[in-house]
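Data first, discussion second: the structure below is written as structure tokens.
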Amino acid sequence: MEKSPSSPSTSAESALLPPVLYPTVDDLPYEEEILRNPFNLKLWWRYLVARSESPFEKRRVIYERALKALPGSYKIWNAYLRERLDRVRPLPISHDLYNHLNNTFERALVTMHKMPRIWIMFLTSLTDQRLITRARRTFDRALCALPVTQHDRIWSLYLGLVSLAGVPVETSLRVYRRYLLFDPSHIEDLIEFLLRSQLWQEAAERLASVLNNDSFHSIKGKTRHQLWLELCDLLTRHATDISGLNVDAIIRGGIRKYTDEIGRLWTSLADYYVRRGLYEKARDIFEEGLANVVTVRDFSVIFDSYAQFEQSALAAKIETTENEFDGSDGDEGGDKNGIDKLSKKFLENFWLNDDDDADLRLARLESLFDRRPELLNSVLLRQNPHNVEQWHRRVKLFEGNPTRQILTFTEAVRTVDPMKAVGKPHTLWISFARLYEDHNDLVNARVIFDKAVQVNYKAVVNLASVWCEWAEMELRHKNFQEALELMKKSTAEPSVEVKRRVAADGNEPVQIRLHKSLRLWSFYVDLEESLGTLESTRAVYERILDLRIATPQIILNYAFLLEEHKYFEDAFKVYERGVKIFKYPHVKDIWVTYLSKFVKRYGKNKLERARELFEHAIEKAPAQDVKPLYLQYAKLEEDYGLAKRAMKVYDQAVKAVANDEKLNMYEIYIARAAEIFGIPKTREIYEQAIESGLPDNAVRTMCMKYAELERNLGEIDRARAIYVFASQFADPRSDSEFWKKWNDFEVQHGNEDTFREMLRVKRSVLASFSQTHLILPENLMQKDHKMNLEEAVDTLKRAGVPEDEMAALERQLAPSTTNLIAKDGSRMMNFVSAGVESQPNDMKVNTNNEDIELPEESDSDDEKIEIAQKDVPNTVFGELAHNVTEESGGNAPLGALERIKRQRKQ
């Protein structure tokens, strides 16, 4: 035992001290100051700091002397204890210095018992030394000495001590219970300790008490739902170790409260009874769970657990039976027991006492899998009992069992609310009645239909479908009169008294609006046409028209019926009513049929009336629907009227039809004109088509056909002029067909000069298409299309665009070349008319600005492209241009090339 420095020193003891422990010469200043003032903490602390490099034994003597003078100094005690802890830390816990350390802590606590750090160091040291009993008692002393506000610092170490391996469970449990008195919110720590210690009973009770406490908040972040699941798992896995708790009530309470884990809770409850050995009760729980869940996920969880339970039961029974047979083969006692069982079975005839129920278990498993579609359908119907499609699927599940099907239909029509139904609720009634019809029970089928027509459906069409199906059933069984009576009854208008009563109630059923159902009337009129008389059928049609529910098809059917019975004038009156009732586009078919029937019936006898009808139809028709009417009108004039009037109709047609149909209409116009009046008449139409404002591709097509016509007539110069005119619409990069035809034309009919001129025009047009769109800025594209060439060039000049000599010459003579009309105002210079005067402002030709360059910043792909048009020099026209020049008095404008040559000569 180490001698305490605090005890009085004798001369004998002093003689036993090693010399190194005595003060040296360097210690004299400190010793003198301490002798003068031994109770000054700074002097002792300065002395200790100065001897920080000295051996611990010498520093221990200084610490002991300082603590003898200042026993209440926390600073010196803390430093002294830490040095002693650092000294013993590398030593084994069985070393004697640990005893000296513990004694030093005990001496320190005499005065430092209110200092929690001293207690913590001491308790930590005792825990590391595994002095469990002494540490536990020291913890108790610390809790008694320190104030309650400091207890949380001690309890964390205390719980760590009792959680060590080797600590008796009862001791740890008592400490945890005391800790809950200090801080009840840490009950989860106790529950975790109980689970680690396999104290299932108390763990379940504590967890149940936590769930019963509505004010409890988990410090570990667990939700009440998670705690519920932990309790259920604990109760089911350790069902035989826990008593005193109503497990069934607890789990059912969780099922009612937490609907997102119903499947898991049901399986937990069934697992509880399985572990208790109550297998029939477990089956009841599985069945109850399958009958109550409302989601497919929960159903799958329960069904899989149920199937696994049945499979395990069957496998266990088979394994037990095999073991019994194996045991009976090895000893005589087994044979004797087997004989006793057989004798008991056969001699006493007690077959119910048979222990081999493997067949029963197998049948249960097979029955479970067979019932799965029905059980799953029940789950879907519990989700939405108004789902019509699921009811139909449920009926199909019982196919071959009419009794179950009838019960299912009965339940379905009672459950489904037509106002909330998903699907068509009337199909349930129809299928229900058809089930009786398939079994030749028409009486009950009529009863079902009679109840079905009294249901207040959401839409009139549903009720009308029921009436139609009822009538079709009667037709299938040759009850024609019954079907007509049903249709008559269903289409009868409710009385005024019934309407007044319904209006007073404020809830109008669909039966009130049934008499306006178009489907019902269409079916009724079909029946009358097949089974009734002409008068009854006409009455039905008239009733449909009076109710203003007719469609164009009904109008046509009514008219066809009257025509079949030779009531032509009445049929035309029906057509007249139809064209008054409907507007375009619905009236289109009525007009076409009406006009064709009228023309076919009367021909030229009532030509003026037919013309009035056509004029009226054309007046009301939009542009996209007027083409067939004009064709019929022209055909009428060709067959029964005048050819001139027919041409007039065609002329009106090409102006009235939509833009995308004008080209086709002109082709028809030209073909008819050529057939009636001859080829020369078509020239005027070609020119009219070219000048009518058709799209460029259509103008090019017409010009090609026009040129082919002139070539066939031998007018080579006129054909060449047309090709020249059309070239401004043909981009050589994309319209290769046009240039190929012109090339072939020149090869066949031209010469070297005309072919060279064709190539020059092609180069000019190519330059125009490839460069003109680059020199015209976007603001010019937004100008009015009637802006003349001089304004466009001036705008370019103001924008800083340079002009070359050719462009300047073209701009100087622009008024005479861009107008394209000679001085007499009746002929175009570069287009030979065939007798039709050109219309002013119908066509605009732009000059070729191919040499004008635009700055780089305006070269953008996003700019709009305007294709400039280039005038064709007079030399291209040959003698034709010379004749025109002579006719105009020699004042015709010169071409650009000729003007440049004359300027050079000057």
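Residues in the structure tokens are numbered from 1 in each chain, the chains being A, B, ... in the order shown, and ligands are numbered from 1 in the order shown.
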For this session: Name all residues at most 12 Å from Leu131 of chain A (count only C-alpha atoms; drop same-chain ones fewer than 3 positions away) and give them as a ChimeraX atom specification.
Result: /A:93-94,98-99,102,122-128,134-139,161-162,164,166-167
Keeping only N, CA, C and O atoms, write those residues as a PDB file, in the first residue's frame.
```pdb
ATOM      1  N   ILE A  93      -5.430  -4.046 -15.833  1.00  0.00           N
ATOM      2  CA  ILE A  93      -6.341  -3.607 -14.774  1.00  0.00           C
ATOM      3  C   ILE A  93      -6.062  -4.328 -13.452  1.00  0.00           C
ATOM      4  O   ILE A  93      -6.595  -3.915 -12.407  1.00  0.00           O
ATOM      5  N   SER A  94      -5.248  -5.339 -13.498  1.00  0.00           N
ATOM      6  CA  SER A  94      -4.914  -6.044 -12.243  1.00  0.00           C
ATOM      7  C   SER A  94      -3.731  -5.427 -11.518  1.00  0.00           C
ATOM      8  O   SER A  94      -3.308  -5.918 -10.459  1.00  0.00           O
ATOM      9  N   TYR A  98      -3.894   0.658  -9.846  1.00  0.00           N
ATOM     10  CA  TYR A  98      -5.322   0.933  -9.956  1.00  0.00           C
ATOM     11  C   TYR A  98      -5.943   1.089  -8.577  1.00  0.00           C
ATOM     12  O   TYR A  98      -6.849   1.901  -8.384  1.00  0.00           O
ATOM     13  N   ASN A  99      -5.458   0.319  -7.597  1.00  0.00           N
ATOM     14  CA  ASN A  99      -5.972   0.480  -6.226  1.00  0.00           C
ATOM     15  C   ASN A  99      -5.608   1.846  -5.674  1.00  0.00           C
ATOM     16  O   ASN A  99      -6.413   2.518  -5.021  1.00  0.00           O
ATOM     17  N   ASN A 102      -7.914   4.365  -7.298  1.00  0.00           N
ATOM     18  CA  ASN A 102      -9.261   4.360  -6.723  1.00  0.00           C
ATOM     19  C   ASN A 102      -9.279   5.022  -5.356  1.00  0.00           C
ATOM     20  O   ASN A 102     -10.218   5.756  -5.012  1.00  0.00           O
ATOM     21  N   PHE A 122     -14.132   8.988 -12.278  1.00  0.00           N
ATOM     22  CA  PHE A 122     -14.069   7.832 -11.380  1.00  0.00           C
ATOM     23  C   PHE A 122     -14.948   6.693 -11.895  1.00  0.00           C
ATOM     24  O   PHE A 122     -14.535   5.530 -11.966  1.00  0.00           O
ATOM     25  N   LEU A 123     -16.179   7.046 -12.339  1.00  0.00           N
ATOM     26  CA  LEU A 123     -17.101   6.017 -12.813  1.00  0.00           C
ATOM     27  C   LEU A 123     -16.611   5.390 -14.121  1.00  0.00           C
ATOM     28  O   LEU A 123     -16.735   4.176 -14.326  1.00  0.00           O
ATOM     29  N   THR A 124     -16.036   6.213 -14.966  1.00  0.00           N
ATOM     30  CA  THR A 124     -15.488   5.664 -16.206  1.00  0.00           C
ATOM     31  C   THR A 124     -14.331   4.718 -15.925  1.00  0.00           C
ATOM     32  O   THR A 124     -14.197   3.650 -16.551  1.00  0.00           O
ATOM     33  N   SER A 125     -13.483   5.082 -14.960  1.00  0.00           N
ATOM     34  CA  SER A 125     -12.363   4.218 -14.590  1.00  0.00           C
ATOM     35  C   SER A 125     -12.846   2.906 -14.003  1.00  0.00           C
ATOM     36  O   SER A 125     -12.326   1.833 -14.333  1.00  0.00           O
ATOM     37  N   LEU A 126     -13.852   2.966 -13.137  1.00  0.00           N
ATOM     38  CA  LEU A 126     -14.379   1.733 -12.564  1.00  0.00           C
ATOM     39  C   LEU A 126     -15.017   0.853 -13.627  1.00  0.00           C
ATOM     40  O   LEU A 126     -14.904  -0.386 -13.582  1.00  0.00           O
ATOM     41  N   THR A 127     -15.696   1.474 -14.609  1.00  0.00           N
ATOM     42  CA  THR A 127     -16.302   0.689 -15.686  1.00  0.00           C
ATOM     43  C   THR A 127     -15.231   0.014 -16.529  1.00  0.00           C
ATOM     44  O   THR A 127     -15.368  -1.161 -16.901  1.00  0.00           O
ATOM     45  N   ASP A 128     -14.150   0.724 -16.803  1.00  0.00           N
ATOM     46  CA  ASP A 128     -13.062   0.117 -17.569  1.00  0.00           C
ATOM     47  C   ASP A 128     -12.393  -1.012 -16.796  1.00  0.00           C
ATOM     48  O   ASP A 128     -11.899  -1.985 -17.396  1.00  0.00           O
ATOM     49  N   ARG A 134     -18.729  -2.496  -7.381  1.00  0.00           N
ATOM     50  CA  ARG A 134     -18.242  -1.218  -6.851  1.00  0.00           C
ATOM     51  C   ARG A 134     -18.692  -0.059  -7.732  1.00  0.00           C
ATOM     52  O   ARG A 134     -19.080   1.005  -7.226  1.00  0.00           O
ATOM     53  N   ALA A 135     -18.661  -0.278  -9.057  1.00  0.00           N
ATOM     54  CA  ALA A 135     -19.109   0.789  -9.970  1.00  0.00           C
ATOM     55  C   ALA A 135     -20.590   1.080  -9.758  1.00  0.00           C
ATOM     56  O   ALA A 135     -21.001   2.253  -9.754  1.00  0.00           O
ATOM     57  N   ARG A 136     -21.404   0.016  -9.607  1.00  0.00           N
ATOM     58  CA  ARG A 136     -22.838   0.247  -9.419  1.00  0.00           C
ATOM     59  C   ARG A 136     -23.107   1.039  -8.150  1.00  0.00           C
ATOM     60  O   ARG A 136     -23.923   1.971  -8.141  1.00  0.00           O
ATOM     61  N   ARG A 137     -22.396   0.669  -7.084  1.00  0.00           N
ATOM     62  CA  ARG A 137     -22.583   1.404  -5.825  1.00  0.00           C
ATOM     63  C   ARG A 137     -22.069   2.835  -5.945  1.00  0.00           C
ATOM     64  O   ARG A 137     -22.664   3.775  -5.383  1.00  0.00           O
ATOM     65  N   THR A 138     -20.986   3.003  -6.674  1.00  0.00           N
ATOM     66  CA  THR A 138     -20.469   4.364  -6.869  1.00  0.00           C
ATOM     67  C   THR A 138     -21.452   5.195  -7.684  1.00  0.00           C
ATOM     68  O   THR A 138     -21.624   6.398  -7.425  1.00  0.00           O
ATOM     69  N   PHE A 139     -22.069   4.571  -8.700  1.00  0.00           N
ATOM     70  CA  PHE A 139     -23.102   5.290  -9.465  1.00  0.00           C
ATOM     71  C   PHE A 139     -24.236   5.735  -8.543  1.00  0.00           C
ATOM     72  O   PHE A 139     -24.734   6.866  -8.654  1.00  0.00           O
ATOM     73  N   LEU A 161     -22.953   0.853 -18.303  1.00  0.00           N
ATOM     74  CA  LEU A 161     -22.423  -0.168 -17.406  1.00  0.00           C
ATOM     75  C   LEU A 161     -23.313  -1.401 -17.356  1.00  0.00           C
ATOM     76  O   LEU A 161     -22.839  -2.537 -17.528  1.00  0.00           O
ATOM     77  N   VAL A 162     -24.619  -1.189 -17.166  1.00  0.00           N
ATOM     78  CA  VAL A 162     -25.516  -2.331 -17.022  1.00  0.00           C
ATOM     79  C   VAL A 162     -25.765  -3.023 -18.362  1.00  0.00           C
ATOM     80  O   VAL A 162     -26.334  -4.124 -18.376  1.00  0.00           O
ATOM     81  N   LEU A 164     -23.293  -3.953 -20.247  1.00  0.00           N
ATOM     82  CA  LEU A 164     -22.126  -4.776 -20.514  1.00  0.00           C
ATOM     83  C   LEU A 164     -22.457  -6.251 -20.371  1.00  0.00           C
ATOM     84  O   LEU A 164     -23.369  -6.635 -19.634  1.00  0.00           O
ATOM     85  N   GLY A 166     -22.222  -9.848 -19.058  1.00  0.00           N
ATOM     86  CA  GLY A 166     -21.913 -10.372 -17.733  1.00  0.00           C
ATOM     87  C   GLY A 166     -22.694  -9.730 -16.616  1.00  0.00           C
ATOM     88  O   GLY A 166     -22.705 -10.247 -15.492  1.00  0.00           O
ATOM     89  N   VAL A 167     -23.317  -8.592 -16.896  1.00  0.00           N
ATOM     90  CA  VAL A 167     -24.133  -7.939 -15.873  1.00  0.00           C
ATOM     91  C   VAL A 167     -25.442  -8.715 -15.746  1.00  0.00           C
ATOM     92  O   VAL A 167     -26.084  -9.014 -16.767  1.00  0.00           O
TER      93      VAL A 167
END
```
Problem set entry | Residues within 9 Å of Tyr594 of chain A, only C-alpha atoms, excluding chain neighbours under 3 positions, as an MDAnalysis selection string | chainID A and resid 556 572 575:576 589:591 597:599
Problem set entry | Two-atom distance - atom CA of Asp260 of chain A, atom CA of Tyr272 of chain A (Å) |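 Atom CA of Asp260 of chain A sits 20.3 Å away from atom CA of Tyr272 of chain A.
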